[in-house]
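**Q** Coordinates in entry05.txt, compact mmCIF, N, CA and C atoms, are listed below.
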```
# COMPACT_ATOMS: atom_id res chain seq x y z
N MET W 73 118.29 -5.23 98.83
CA MET W 73 117.47 -4.40 99.66
C MET W 73 117.74 -2.94 99.28
N GLY W 74 116.65 -2.22 99.05
CA GLY W 74 116.78 -0.83 98.68
C GLY W 74 117.07 0.07 99.88
N LEU W 75 117.31 1.31 99.60
CA LEU W 75 117.64 2.28 100.64
C LEU W 75 116.50 2.42 101.65
N TYR W 76 115.27 2.51 101.16
CA TYR W 76 114.13 2.67 102.07
C TYR W 76 113.96 1.42 102.93
N ASP W 77 114.14 0.22 102.33
CA ASP W 77 114.05 -1.02 103.10
C ASP W 77 115.11 -1.06 104.19
N THR W 78 116.31 -0.62 103.87
CA THR W 78 117.38 -0.57 104.86
C THR W 78 117.03 0.40 105.98
N TYR W 79 116.50 1.56 105.61
CA TYR W 79 116.06 2.54 106.60
C TYR W 79 115.02 1.94 107.54
N LEU W 80 114.02 1.25 106.97
CA LEU W 80 112.98 0.65 107.79
C LEU W 80 113.54 -0.44 108.71
N ALA W 81 114.47 -1.24 108.18
CA ALA W 81 115.07 -2.30 109.00
C ALA W 81 115.82 -1.71 110.19
N VAL W 82 116.59 -0.65 109.96
CA VAL W 82 117.33 0.00 111.05
C VAL W 82 116.36 0.63 112.03
N ARG W 83 115.36 1.30 111.52
CA ARG W 83 114.38 1.94 112.39
C ARG W 83 113.66 0.91 113.24
N HIS W 84 113.35 -0.23 112.65
CA HIS W 84 112.68 -1.30 113.37
C HIS W 84 113.57 -1.85 114.50
N ARG W 85 114.84 -2.03 114.21
CA ARG W 85 115.76 -2.54 115.23
C ARG W 85 115.92 -1.57 116.39
N LEU W 86 115.85 -0.26 116.11
CA LEU W 86 116.06 0.74 117.16
C LEU W 86 114.77 1.07 117.92
N HIS W 87 113.63 0.64 117.41
CA HIS W 87 112.35 0.97 118.02
C HIS W 87 112.02 -0.04 119.11
N ASP W 88 111.52 0.44 120.24
CA ASP W 88 111.20 -0.44 121.36
C ASP W 88 109.84 -1.12 121.23
N GLY W 89 108.96 -0.56 120.41
CA GLY W 89 107.61 -1.10 120.29
C GLY W 89 107.56 -2.35 119.43
N ASP W 90 106.44 -3.03 119.53
CA ASP W 90 106.20 -4.22 118.72
C ASP W 90 105.83 -3.82 117.30
N PRO W 91 106.18 -4.65 116.32
CA PRO W 91 105.75 -4.36 114.94
C PRO W 91 104.24 -4.54 114.83
N PRO W 92 103.63 -3.98 113.81
CA PRO W 92 102.18 -4.12 113.68
C PRO W 92 101.83 -5.59 113.43
N ALA W 93 100.74 -6.03 114.05
CA ALA W 93 100.29 -7.41 113.86
C ALA W 93 99.50 -7.55 112.57
N HIS W 94 98.93 -6.45 112.10
CA HIS W 94 98.09 -6.49 110.91
C HIS W 94 98.47 -5.35 109.97
N VAL W 95 98.71 -5.69 108.71
CA VAL W 95 99.03 -4.70 107.68
C VAL W 95 97.94 -4.75 106.62
N ALA W 96 97.49 -3.60 106.17
CA ALA W 96 96.48 -3.53 105.12
C ALA W 96 97.09 -2.90 103.87
N ILE W 97 96.79 -3.51 102.72
CA ILE W 97 97.23 -2.99 101.43
C ILE W 97 95.97 -2.74 100.61
N VAL W 98 95.79 -1.52 100.15
CA VAL W 98 94.61 -1.15 99.36
C VAL W 98 95.09 -0.71 97.99
N ILE W 99 94.59 -1.36 96.94
CA ILE W 99 94.98 -1.05 95.57
C ILE W 99 93.76 -1.04 94.67
N THR W 100 93.90 -0.44 93.50
CA THR W 100 92.80 -0.46 92.52
C THR W 100 93.04 -1.58 91.52
N GLU W 101 91.99 -1.93 90.81
CA GLU W 101 92.12 -3.00 89.82
C GLU W 101 93.09 -2.62 88.71
N ARG W 102 93.16 -1.36 88.39
CA ARG W 102 94.10 -0.91 87.34
C ARG W 102 95.55 -1.14 87.78
N ASP W 103 95.83 -0.85 89.06
CA ASP W 103 97.18 -1.08 89.57
C ASP W 103 97.50 -2.57 89.57
N LEU W 104 96.53 -3.40 89.92
CA LEU W 104 96.76 -4.83 90.01
C LEU W 104 96.95 -5.48 88.64
N LEU W 105 96.33 -4.91 87.60
CA LEU W 105 96.44 -5.47 86.26
C LEU W 105 97.62 -4.90 85.47
N ALA W 106 98.36 -3.96 86.06
CA ALA W 106 99.52 -3.38 85.38
C ALA W 106 100.65 -4.40 85.31
N ASP W 107 101.55 -4.22 84.35
CA ASP W 107 102.70 -5.12 84.22
C ASP W 107 103.55 -5.07 85.48
N GLY W 108 103.89 -6.24 85.98
CA GLY W 108 104.75 -6.33 87.16
C GLY W 108 104.04 -6.15 88.48
N ALA W 109 102.71 -5.97 88.44
CA ALA W 109 101.97 -5.69 89.67
C ALA W 109 102.04 -6.85 90.65
N PHE W 110 101.96 -8.07 90.14
CA PHE W 110 101.97 -9.21 91.05
C PHE W 110 103.34 -9.39 91.70
N ASP W 111 104.40 -9.05 90.99
CA ASP W 111 105.73 -9.08 91.59
C ASP W 111 105.85 -8.05 92.71
N THR W 112 105.29 -6.87 92.46
CA THR W 112 105.30 -5.82 93.48
C THR W 112 104.47 -6.23 94.68
N LEU W 113 103.29 -6.84 94.43
CA LEU W 113 102.44 -7.30 95.52
C LEU W 113 103.14 -8.40 96.31
N ARG W 114 103.79 -9.31 95.62
CA ARG W 114 104.54 -10.38 96.29
C ARG W 114 105.64 -9.78 97.18
N SER W 115 106.33 -8.78 96.67
CA SER W 115 107.38 -8.11 97.46
C SER W 115 106.79 -7.44 98.69
N ALA W 116 105.64 -6.80 98.53
CA ALA W 116 104.98 -6.13 99.66
C ALA W 116 104.56 -7.14 100.72
N LEU W 117 104.02 -8.28 100.28
CA LEU W 117 103.61 -9.31 101.23
C LEU W 117 104.82 -9.91 101.95
N THR W 118 105.89 -10.16 101.19
CA THR W 118 107.11 -10.68 101.79
C THR W 118 107.66 -9.71 102.82
N TRP W 119 107.65 -8.43 102.48
CA TRP W 119 108.13 -7.40 103.41
C TRP W 119 107.26 -7.38 104.67
N ALA W 120 105.94 -7.40 104.51
CA ALA W 120 105.03 -7.30 105.66
C ALA W 120 105.23 -8.48 106.62
N PHE W 121 105.30 -9.69 106.07
CA PHE W 121 105.49 -10.85 106.94
C PHE W 121 106.90 -10.88 107.52
N GLY W 122 107.87 -10.46 106.74
CA GLY W 122 109.24 -10.38 107.23
C GLY W 122 109.39 -9.33 108.32
N TYR W 123 108.58 -8.30 108.27
CA TYR W 123 108.61 -7.22 109.25
C TYR W 123 107.98 -7.65 110.57
N GLY W 124 107.17 -8.72 110.51
CA GLY W 124 106.58 -9.24 111.75
C GLY W 124 105.08 -9.26 111.79
N ALA W 125 104.42 -8.92 110.70
CA ALA W 125 102.96 -8.93 110.70
C ALA W 125 102.44 -10.36 110.77
N ASP W 126 101.38 -10.57 111.54
CA ASP W 126 100.72 -11.87 111.62
C ASP W 126 99.70 -12.04 110.49
N ARG W 127 99.10 -10.91 110.09
CA ARG W 127 98.07 -10.92 109.06
C ARG W 127 98.30 -9.78 108.09
N VAL W 128 97.95 -10.04 106.83
CA VAL W 128 97.96 -8.99 105.81
C VAL W 128 96.64 -9.06 105.07
N THR W 129 95.96 -7.94 104.97
CA THR W 129 94.72 -7.84 104.22
C THR W 129 94.99 -7.07 102.95
N VAL W 130 94.60 -7.65 101.81
CA VAL W 130 94.73 -6.97 100.52
C VAL W 130 93.32 -6.66 100.04
N SER W 131 93.03 -5.38 99.88
CA SER W 131 91.73 -4.94 99.40
C SER W 131 91.90 -4.36 98.01
N VAL W 132 91.12 -4.88 97.05
CA VAL W 132 91.18 -4.40 95.68
C VAL W 132 89.92 -3.60 95.41
N SER W 133 90.09 -2.32 95.14
CA SER W 133 88.97 -1.44 94.81
C SER W 133 88.67 -1.58 93.32
N VAL W 134 87.48 -2.10 93.01
CA VAL W 134 87.11 -2.34 91.62
C VAL W 134 86.19 -1.22 91.15
N LEU W 135 86.66 -0.44 90.20
CA LEU W 135 85.87 0.66 89.64
C LEU W 135 85.17 0.24 88.35
N ASP W 136 85.72 -0.75 87.66
CA ASP W 136 85.17 -1.22 86.39
C ASP W 136 84.85 -2.70 86.52
N GLU W 137 83.56 -3.04 86.62
CA GLU W 137 83.16 -4.43 86.84
C GLU W 137 83.55 -5.34 85.69
N ALA W 138 83.84 -4.79 84.52
CA ALA W 138 84.20 -5.61 83.36
C ALA W 138 85.54 -6.31 83.55
N VAL W 139 86.38 -5.82 84.46
CA VAL W 139 87.69 -6.44 84.67
C VAL W 139 87.68 -7.53 85.74
N VAL W 140 86.55 -7.74 86.39
CA VAL W 140 86.47 -8.74 87.46
C VAL W 140 86.87 -10.13 86.96
N PRO W 141 86.39 -10.60 85.79
CA PRO W 141 86.85 -11.92 85.33
C PRO W 141 88.37 -12.00 85.13
N SER W 142 88.97 -10.91 84.65
CA SER W 142 90.43 -10.88 84.49
C SER W 142 91.12 -10.95 85.83
N LEU W 143 90.60 -10.24 86.83
CA LEU W 143 91.20 -10.28 88.16
C LEU W 143 91.11 -11.68 88.77
N ILE W 144 89.95 -12.29 88.64
CA ILE W 144 89.77 -13.63 89.19
C ILE W 144 90.72 -14.61 88.50
N ARG W 145 90.84 -14.51 87.21
CA ARG W 145 91.73 -15.41 86.46
C ARG W 145 93.20 -15.19 86.89
N GLU W 146 93.61 -13.96 87.04
CA GLU W 146 95.00 -13.66 87.40
C GLU W 146 95.30 -14.06 88.84
N LEU W 147 94.34 -13.86 89.73
CA LEU W 147 94.57 -14.21 91.14
C LEU W 147 94.54 -15.71 91.31
```
If you convert what's in this file into structure tokens, what do you get?

**A**
Amino acid sequence: MGLYDTYLAVRHRLHDGDPPAHVAIVITERDLLADGAFDTLRSALTWAFGYGADRVTVSVSVLDEAVVPSLIREL
């Protein structure tokens, strides 16, 4: 666990409010096709559900339609 993750965990334990029920992640197709992007996305999803979210929405902003087949294949 990194320093920021530790900070968030402590902050969450000290906070009286409920964690968010829904987390949204917005990324571009270039970010998603970069090396290691799926590992980073997996980590973000694991963090969100571990933090207490019931739902996570991932929105991919596609600027270049030519990469859509690559995105579909990778996903």

**Q** Kindly indicate which residue among W:Val139, W:Thr100, W:Val95, W:Leu105 lies nearest to Leu117 of chain W, using only C-alpha atoms for the distances.

**A** W:Val95

**Q** What does the distance from atom C of Asp111 of chain W to atom CA of Val82 of chain W come to in Å, to one decimal?

**A** 23.1 Å

**Q** Identify the residues within 9 Å of coordinate (93.8, -7.6, 91.7) (same frame as the file), considering only C-alpha atoms, and give the answer as a PyMOL selection string.

**A** chain W and resi 99-105+109-110+130-134+140+142-144+146-147

**Q** For the selection you just gave me, I'd like the residues written to a file as a PDB file, in the coordinates of the input, keeping N, CA and C atoms.

**A**
```pdb
ATOM      1  N   ILE W  99      94.590  -1.360  96.940  1.00  0.00           N
ATOM      2  CA  ILE W  99      94.980  -1.050  95.570  1.00  0.00           C
ATOM      3  C   ILE W  99      93.760  -1.040  94.670  1.00  0.00           C
ATOM      4  N   THR W 100      93.900  -0.440  93.500  1.00  0.00           N
ATOM      5  CA  THR W 100      92.800  -0.460  92.520  1.00  0.00           C
ATOM      6  C   THR W 100      93.040  -1.580  91.520  1.00  0.00           C
ATOM      7  N   GLU W 101      91.990  -1.930  90.810  1.00  0.00           N
ATOM      8  CA  GLU W 101      92.120  -3.000  89.820  1.00  0.00           C
ATOM      9  C   GLU W 101      93.090  -2.620  88.710  1.00  0.00           C
ATOM     10  N   ARG W 102      93.160  -1.360  88.390  1.00  0.00           N
ATOM     11  CA  ARG W 102      94.100  -0.910  87.340  1.00  0.00           C
ATOM     12  C   ARG W 102      95.550  -1.140  87.780  1.00  0.00           C
ATOM     13  N   ASP W 103      95.830  -0.850  89.060  1.00  0.00           N
ATOM     14  CA  ASP W 103      97.180  -1.080  89.570  1.00  0.00           C
ATOM     15  C   ASP W 103      97.500  -2.570  89.570  1.00  0.00           C
ATOM     16  N   LEU W 104      96.530  -3.400  89.920  1.00  0.00           N
ATOM     17  CA  LEU W 104      96.760  -4.830  90.010  1.00  0.00           C
ATOM     18  C   LEU W 104      96.950  -5.480  88.640  1.00  0.00           C
ATOM     19  N   LEU W 105      96.330  -4.910  87.600  1.00  0.00           N
ATOM     20  CA  LEU W 105      96.440  -5.470  86.260  1.00  0.00           C
ATOM     21  C   LEU W 105      97.620  -4.900  85.470  1.00  0.00           C
ATOM     22  N   ALA W 109     102.710  -5.970  88.440  1.00  0.00           N
ATOM     23  CA  ALA W 109     101.970  -5.690  89.670  1.00  0.00           C
ATOM     24  C   ALA W 109     102.040  -6.850  90.650  1.00  0.00           C
ATOM     25  N   PHE W 110     101.960  -8.070  90.140  1.00  0.00           N
ATOM     26  CA  PHE W 110     101.970  -9.210  91.050  1.00  0.00           C
ATOM     27  C   PHE W 110     103.340  -9.390  91.700  1.00  0.00           C
ATOM     28  N   VAL W 130      94.600  -7.650 101.810  1.00  0.00           N
ATOM     29  CA  VAL W 130      94.730  -6.970 100.520  1.00  0.00           C
ATOM     30  C   VAL W 130      93.320  -6.660 100.040  1.00  0.00           C
ATOM     31  N   SER W 131      93.030  -5.380  99.880  1.00  0.00           N
ATOM     32  CA  SER W 131      91.730  -4.940  99.400  1.00  0.00           C
ATOM     33  C   SER W 131      91.900  -4.360  98.010  1.00  0.00           C
ATOM     34  N   VAL W 132      91.120  -4.880  97.050  1.00  0.00           N
ATOM     35  CA  VAL W 132      91.180  -4.400  95.680  1.00  0.00           C
ATOM     36  C   VAL W 132      89.920  -3.600  95.410  1.00  0.00           C
ATOM     37  N   SER W 133      90.090  -2.320  95.140  1.00  0.00           N
ATOM     38  CA  SER W 133      88.970  -1.440  94.810  1.00  0.00           C
ATOM     39  C   SER W 133      88.670  -1.580  93.320  1.00  0.00           C
ATOM     40  N   VAL W 134      87.480  -2.100  93.010  1.00  0.00           N
ATOM     41  CA  VAL W 134      87.110  -2.340  91.620  1.00  0.00           C
ATOM     42  C   VAL W 134      86.190  -1.220  91.150  1.00  0.00           C
ATOM     43  N   VAL W 140      86.550  -7.740  86.390  1.00  0.00           N
ATOM     44  CA  VAL W 140      86.470  -8.740  87.460  1.00  0.00           C
ATOM     45  C   VAL W 140      86.870 -10.130  86.960  1.00  0.00           C
ATOM     46  N   SER W 142      88.970 -10.910  84.650  1.00  0.00           N
ATOM     47  CA  SER W 142      90.430 -10.880  84.490  1.00  0.00           C
ATOM     48  C   SER W 142      91.120 -10.950  85.830  1.00  0.00           C
ATOM     49  N   LEU W 143      90.600 -10.240  86.830  1.00  0.00           N
ATOM     50  CA  LEU W 143      91.200 -10.280  88.160  1.00  0.00           C
ATOM     51  C   LEU W 143      91.110 -11.680  88.770  1.00  0.00           C
ATOM     52  N   ILE W 144      89.950 -12.290  88.640  1.00  0.00           N
ATOM     53  CA  ILE W 144      89.770 -13.630  89.190  1.00  0.00           C
ATOM     54  C   ILE W 144      90.720 -14.610  88.500  1.00  0.00           C
ATOM     55  N   GLU W 146      93.610 -13.960  87.040  1.00  0.00           N
ATOM     56  CA  GLU W 146      95.000 -13.660  87.400  1.00  0.00           C
ATOM     57  C   GLU W 146      95.300 -14.060  88.840  1.00  0.00           C
ATOM     58  N   LEU W 147      94.340 -13.860  89.730  1.00  0.00           N
ATOM     59  CA  LEU W 147      94.570 -14.210  91.140  1.00  0.00           C
ATOM     60  C   LEU W 147      94.540 -15.710  91.310  1.00  0.00           C
TER      61      LEU W 147
END
```

**Q** Residues within 7 Å of Asp126 of chain W, please, as a PyMOL selection string. Count all atoms listed in the file; anything in the same chain fewer than 2 positions from it doesn't count.

**A** chain W and resi 92-95+120-121+124+128

**Q** So that I can check the secondary structure, give me every residue of chain W assigned helix (DSSP H, G or I) by backbone DSSP, as a PyMOL selection string.

**A** chain W and resi 75-86+101-105+109-123+137-146

**Q** Suppose you want the space between atom CA of His87 of chain W and atom CA of Ala125 of chain W; what is it in Å?

**A**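 Rounded to one decimal, the two atoms are 15.5 Å apart.
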
**Q** Please, what distance in Å, to one decimal, runs between atom N of Asp136 of chain W and atom N of Thr118 of chain W?

**A**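 Answer for the atom N of Asp136 of chain W to atom N of Thr118 of chain W separation: 26.0 Å.
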